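Notes follow the structure.
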Amino acid sequence: MNAGAVAGSGDLVGLVVVSHSRALARAAVELASQMLHGSPVPIAVAAGLDEQTLGTDAVAIQAAIEEVAGPAGVVVLMDLGSAVLSAELALELLSDTELRDRVVLSAAPLVEGLVVAAVAAAGGAGRQEVAAEAGRALMGKVAQLEAHSLPPETEEPSNTEKPPHPGKPSNADKPWNAGEPASTGSATEAVAEFTVTNRHGLHARPAALLVSALRGLDAQVGLRNLTTGAGPLPAASLSKVAILGALHGHRVQVLAAGRQAREALDRVLELAGRRFDEPVDESPEPARTQQTGPLPASPGIGIGPVRQLGRTGGPAARAAGDRAQPGRRVPEGQRVTEALAAVRREIERYRALAEQAGPHQARIFDAHLLLLEDEELLADIKARLDAGADAVAACADAVAVVERQWAQLPDPYLRARAEDVRAIGAQLVAALTGTTAVALSGPGILVAAELTPGQVADLDAGAVQGIVLAYGSPTSHAAILARSRGIPALVGAGAGVLELAEGSLIALDGATGELVLDPPEATVARFRGRAAELADRNNRNRAAAGAPACTVDGIHIEVAANLGSHADALVAAANGADGAGLVRTEFLFLHRGAAPDRDEQAAHYLGIAEAMAGRRVTLRTLDVGGDKPLSYLPVPVEDNPYLGRRGIRLSLQRRELLQDQLAAICDVARQAPVSVMFPMVSTVSELRDARQVLDDAAGPAGLPDGLRVGMMVEVPAAALKIARFLPYLDFVSIGTNDLTQYTLAAERGNAAVAALADPLDPGVLSLIAHVCRTAAGLVPVAVCGEAAAEELSIPVLIGLGVSELSVSARSVPAVKARVRELDLERCRSLARSALEAEDAASVRELVSSTLPAGSLG
């Protein structure tokens, strides 16, 4: 990728900038170009995996070297870590050995080194001189800052024609292998500790976040598990962090050394303070009804013939196709590099598919992408290649080492993460051998030893009537994706299922773990009866989904959808949603390096509005903090982030972000029916301030006609003071998830108090009742928490005065059907009794005994 700074010239040394960040590399080139005054030094950039994704790609570096290469040669400058490994691999990819000999990999600091190298190259210096000048780039800074000594490794820059030994791990000189952080004189050393609070400890996803957070820092960070004594291990390696075995409740010590040690420490502690972004409302694991044999992994009924996976030439296989041609000899290192690139593209495709199920499901593949760049793993592969192993053996054996380490961890959830490592290994080997696994031999029940998350994401849900795996765990990422896609599944069925004849009939119940082989007709009839009952109910609900949801006595209840994306909006519209009661706009802000600008936001929101085809769309402003932080919006570590700066509190502290978002919302409101809603409001002054920012964002034209303004009621104080807020509002929406946890002092993600966090507790219902009574005749009241879709909650909420229920897009048909079964006066009587009940269990018993099971049961 050419930076566009200068034109190429064969008489001058070419420069290649290798960085994990494309934006950083471009900025460095722009800075260097200011020193050249039009001199034609050829500079190319090979940085990032795309505009937002951090990483380095050897194939892109190879192309950049070839782009700027001339008789004078090329100097390559790199930022850190795997950038060096990728550059070394890029050299191996060069088929022109003479060109390879004219390339120098420089150990110079990226920004300062590039500026000096560009000036030296423009003056006609040779590649060795350019590299040497770049290596001395820090001397001026060090001389000026006499109080700081230059780290030993930069006092005598080393620039050689050949890269460092490829088998040497890039962090081999870091202190964590020795067990204690080594003193480096000028390096800052820092030590701290935290307690792991997320549900499953530092498994692949939180470990991936930790590794990403430390990228680019001039610091060496190690982790020690104080509870078990494991470590210290390098925090820059995903494979090492995962095998630390840090479980919920374990104490972890953080050891940091280097110029940015304190910042590194703060980043780790910040991540720990927010549970490494693990969602607090993660779907519970399916209940295990037995300790051996088939385990329930994804609910639903499946009846059909056994089908096996075939092997086909997929994307990775096509990328490797030329290697099978007779007479074509490709270096083993190049084969590995091409396979890594092919698998990376395949995982990106899987990630895009998983996004349709939700951001949390897509994050499964973030860990897979980081494994492909893991310095320890790549260094091991290179060492095996140098020792004479072929590409397949080097990759398979190196991955097997990591897999064994993970599989030996004591915690069953962490052990299940070994499947992710095995999945990566299988994809690499498939890419190297020209085959990939995933084509179903026909419609039916897929029976396999195991499935990777990518394979599950790629399955045709219309053809797969169920999944039975010989091995695996209900907590595996493959099982999580099966649940999110609605495919019935069992795992741990035993090796015997692999012997089942193709086409033989089996029946399964993914909710109970029941699996019947060659079932007799009576059993088939029983399973078919269950399936028919569920299907008939779902079909009836879907068929009537477009009609209004009116109680039997004619009261209309709006049933809207909670959305996070354009794909969600399409599903909601297809399922008959009356509108979008909650658009979680924060999904657009997550997992990126900078906030989206006004135009990008407007385009995103307008796409959702267009998908909803004229139905009103309620856009909740940025709701981050607590369990949803932003990497580019750092918040100091808080003892309890749920009681700290989140929602509107944080937005009002960063008004430029809020004003951009509100301006984008106004842009869309001038084209489609839109409402705006402020989250986590506690005081009237917060609401007044937010409305002032909205007025400012609207500009001279004023607020768009039809734009409605609302707020979330998630804090007990807001519910109790609702009368003070109403003059500023057109509607209110009750978030029962947060309102419940704040009312009952029971964090909804804490299994120890999960039974307390019930929205049917009379205390929570009393707050909802107060809001509804106070707002009656003034503004409508909606509920957008999980209670809105629960069968036992719906009649109580309607009886209290709620006029809109906003639920997941796929739940809309069933919720509408439930509303149509209810009588408002009976619901009101039920609600009055519920308010007098002793506890949530009493309310549930009351509803169950008063009203028959409905369309959600």
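Letters A, B, ... mark the chains of the structure tokens in the order given; residue numbers begin at 1 per chain; ligand numbers begin at 1, in order shown.
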
Checklist entry - What lies within 12 Å of stretch 695-704 of chain A using only C-alpha atoms, ignoring chain neighbours under 4 positions off, as a PyMOL selection string? => result chain A and resi 598+655-676+688-691+708-709

Checklist outcome for this item: Using only C-alpha atoms, the residue out of A:Ile506, A:Val252, A:Val17, A:Ala69 with shortest distance to A:Gly231 is A:Val252

Checklist entry - Between A:Val13, A:Ala507, A:Leu31, A:Ala341, which one has atoms that come closest to A:Ala90, using only C-alpha atoms? => result A:Ala341

Item to check | strand (DSSP E) positions in stretch 603-814 of chain A, given as a list in words | outcome: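 Residues meeting the strand (DSSP E) criterion: Val617, Thr618, Leu619, Arg620, Val674, Ser675, Val676, Met677, Phe678, Arg708, Val709, Gly710, Met711, Met712, Val713, Phe731, Val732, Ser733, Ile734, Val781, Ala782, Val783, Glu804, Leu805, Ser806, Val807 and Ser808 of chain A.
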
Item to check | For A:Arg526, the nearest of the candidates A:Leu582, A:Ile303, A:Val684, A:Ala449, counting only C-alpha atoms | outcome: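 Once distances to A:Arg526 are computed over only C-alpha atoms, the minimum belongs to A:Ile303.
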